[in-house]
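One structure is given here, and the rest of the page talks about it.
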Amino acid sequence: MRQVLRFVRAHRAHWSALAILLITLITSLAGSKAIRFRVTDSLAVPWLLFVPVLSASLIGFSAASQMHDWEELSTRQLFKYRVTLLLSLLALATLVTDLAANEAGTYSGAAAIRNLVGFTGLALIGAVLLGASACWVVPLGYAAVSIVGGSSRSQVEAWAWPALTGTAAGATAQAVVVCVVGLAAAATMTERLNRATSN
């Protein structure tokens, strides 16, 4: 049990879980409010769309360990622990995102969860490529490109799954595939992840 707690602390998972809960509380208070951009009055993004990006970035942040030397020298197969830790944070974020979506009412809870799953995969890929502290760049960038460039007048492009508010099966499948790829990368590319984080 002590090893598990040490592993959780090394990955700062307790802080990520607390921050996810805090973000959800703020979202519940914000409700269905939208963020309007000054560039155009027609572009308004529901606050709840940003919650999956923030939660996914916190999960990506917990992919790297502060004690990476110990993990690399460990004889145990720590990728199982890492996957379990990341899936536990994703389960917590999914639960509270669903609660926040039900409070907000205007944005589909299924779409928020789908975006959380996909953005988590992107954040984990970002953690492997850029380091855990910069993992937020990939999901935030993809969300921005999807919202601005993926939707024309009345239609959303197939690749822009974060911009969809419904429960399109193709969008959900894309998000799940991205999440699986991100989990696999974070679990198996430990040395690269820790090297990118320490630089």
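Chains: A, B, ... in order of the structure tokens. Residues: from 1 per chain. Ligands: from 1, in order shown.
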**Request:** Just the residues within 7 Å of region 139-149 of chain A, please, counting only C-alpha atoms, with nothing from its chain fewer than 5 positions along; format it as a ChimeraX atom specification.
**Result:** /A:53,119,122-123,160,162-163
Would you put the residues from that selection into a file with N, CA and C atoms, as an mmCIF file, in the first residue's frame?
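Saved to part.cif:
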```cif
data_model
loop_
_atom_site.group_PDB
_atom_site.id
_atom_site.type_symbol
_atom_site.label_atom_id
_atom_site.label_comp_id
_atom_site.auth_asym_id
_atom_site.auth_seq_id
_atom_site.Cartn_x
_atom_site.Cartn_y
_atom_site.Cartn_z
ATOM 1 N N VAL A 53 -11.096 20.020 -21.766
ATOM 2 C CA VAL A 53 -9.704 20.375 -22.082
ATOM 3 C C VAL A 53 -8.903 20.533 -20.793
ATOM 4 N N PHE A 119 -9.747 14.402 -25.649
ATOM 5 C CA PHE A 119 -8.742 15.370 -25.205
ATOM 6 C C PHE A 119 -7.737 14.736 -24.251
ATOM 7 N N LEU A 122 -5.216 13.181 -26.427
ATOM 8 C CA LEU A 122 -4.349 14.219 -26.995
ATOM 9 C C LEU A 122 -3.385 14.772 -25.945
ATOM 10 N N ALA A 123 -3.856 14.945 -24.706
ATOM 11 C CA ALA A 123 -2.989 15.447 -23.639
ATOM 12 C C ALA A 123 -1.882 14.447 -23.314
ATOM 13 N N ALA A 160 -13.571 17.265 -36.921
ATOM 14 C CA ALA A 160 -13.737 18.265 -35.855
ATOM 15 C C ALA A 160 -14.708 17.766 -34.785
ATOM 16 N N PRO A 162 -14.641 17.668 -31.572
ATOM 17 C CA PRO A 162 -14.948 18.481 -30.391
ATOM 18 C C PRO A 162 -16.049 19.517 -30.624
ATOM 19 N N ALA A 163 -16.268 19.907 -31.877
ATOM 20 C CA ALA A 163 -17.268 20.933 -32.175
ATOM 21 C C ALA A 163 -18.682 20.373 -32.259
#
```
Point to revise | Within 12 Å of Ala19 (chain A) using only C-alpha atoms, minus same-chain residues under 2 positions, as number ranges by chain | key: A: 12-17, 21-26, 51, 54-59, 61-62, 89, 92-93, 96
In terms of only C-alpha atoms, the residue from A:Ala168, A:Ala110, A:Val117, A:Glu157 at minimal distance from Gly60 (chain A) is A:Val117
One decimal place gives the CA of Leu78 (chain A)-CA of Ala134 (chain A) separation as 22.9 Å
note - CA of Leu124 (chain A) and CA of Leu183 (chain A) are separated by 6.6 Å
List as a PDB file with N, CA and C atoms, in the first residue's frame the protein and nucleic acid residues near Ile125 (chain A), meaning an atom at most 10 Å away when only C-alpha atoms are counted, but skip any in the same chain fewer than 6 places from it.
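Writing done, so here's result.pdb:
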```pdb
ATOM      1  N   GLY A  60      -3.075  14.495 -18.227  1.00  0.00           N
ATOM      2  CA  GLY A  60      -1.792  14.433 -18.937  1.00  0.00           C
ATOM      3  C   GLY A  60      -0.638  14.871 -18.052  1.00  0.00           C
ATOM      4  N   PHE A 119      -9.747  14.402 -25.649  1.00  0.00           N
ATOM      5  CA  PHE A 119      -8.742  15.370 -25.205  1.00  0.00           C
ATOM      6  C   PHE A 119      -7.737  14.736 -24.251  1.00  0.00           C
ATOM      7  N   GLY A 131       6.339  17.016 -23.026  1.00  0.00           N
ATOM      8  CA  GLY A 131       6.530  17.025 -21.581  1.00  0.00           C
ATOM      9  C   GLY A 131       5.210  17.273 -20.883  1.00  0.00           C
ATOM     10  N   ALA A 132       5.107  16.799 -19.664  1.00  0.00           N
ATOM     11  CA  ALA A 132       3.837  16.877 -18.932  1.00  0.00           C
ATOM     12  C   ALA A 132       3.388  18.315 -18.687  1.00  0.00           C
ATOM     13  N   CYS A 135       1.603  19.598 -21.824  1.00  0.00           N
ATOM     14  CA  CYS A 135       0.665  18.674 -22.473  1.00  0.00           C
ATOM     15  C   CYS A 135      -0.636  19.344 -22.874  1.00  0.00           C
ATOM     16  N   VAL A 138      -1.608  20.524 -26.896  1.00  0.00           N
ATOM     17  CA  VAL A 138      -2.197  19.687 -27.951  1.00  0.00           C
ATOM     18  C   VAL A 138      -3.731  19.672 -27.882  1.00  0.00           C
ATOM     19  N   PRO A 139      -4.372  19.361 -26.730  1.00  0.00           N
ATOM     20  CA  PRO A 139      -5.835  19.373 -26.722  1.00  0.00           C
ATOM     21  C   PRO A 139      -6.429  20.764 -26.922  1.00  0.00           C
ATOM     22  N   VAL A 178      -8.244   7.942 -30.180  1.00  0.00           N
ATOM     23  CA  VAL A 178      -7.205   8.887 -29.753  1.00  0.00           C
ATOM     24  C   VAL A 178      -6.831   8.629 -28.295  1.00  0.00           C
ATOM     25  N   CYS A 179      -7.824   8.334 -27.459  1.00  0.00           N
ATOM     26  CA  CYS A 179      -7.558   8.063 -26.045  1.00  0.00           C
ATOM     27  C   CYS A 179      -6.735   6.789 -25.870  1.00  0.00           C
ATOM     28  N   VAL A 181      -4.685   5.431 -28.039  1.00  0.00           N
ATOM     29  CA  VAL A 181      -3.320   5.709 -28.520  1.00  0.00           C
ATOM     30  C   VAL A 181      -2.546   6.505 -27.473  1.00  0.00           C
ATOM     31  N   GLY A 182      -3.191   7.509 -26.874  1.00  0.00           N
ATOM     32  CA  GLY A 182      -2.537   8.305 -25.844  1.00  0.00           C
ATOM     33  C   GLY A 182      -2.175   7.493 -24.617  1.00  0.00           C
ATOM     34  N   LEU A 183      -3.096   6.627 -24.162  1.00  0.00           N
ATOM     35  CA  LEU A 183      -2.809   5.767 -23.015  1.00  0.00           C
ATOM     36  C   LEU A 183      -1.652   4.819 -23.309  1.00  0.00           C
ATOM     37  N   ALA A 184      -1.665   4.237 -24.503  1.00  0.00           N
ATOM     38  CA  ALA A 184      -0.590   3.314 -24.878  1.00  0.00           C
ATOM     39  C   ALA A 184       0.751   4.043 -24.927  1.00  0.00           C
ATOM     40  N   ALA A 185       0.753   5.260 -25.467  1.00  0.00           N
ATOM     41  CA  ALA A 185       1.997   6.033 -25.537  1.00  0.00           C
ATOM     42  C   ALA A 185       2.510   6.381 -24.146  1.00  0.00           C
ATOM     43  N   ALA A 186       1.620   6.832 -23.275  1.00  0.00           N
ATOM     44  CA  ALA A 186       2.039   7.227 -21.926  1.00  0.00           C
ATOM     45  C   ALA A 186       2.488   6.027 -21.093  1.00  0.00           C
ATOM     46  N   LEU A 193       8.770  10.012 -22.142  1.00  0.00           N
ATOM     47  CA  LEU A 193       7.897  10.897 -21.375  1.00  0.00           C
ATOM     48  C   LEU A 193       8.673  11.615 -20.286  1.00  0.00           C
TER      49      LEU A 193
END
```
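Going from CA of Val176 (chain A) over to CA of Ser65 (chain A), you cover 24.7 Å.
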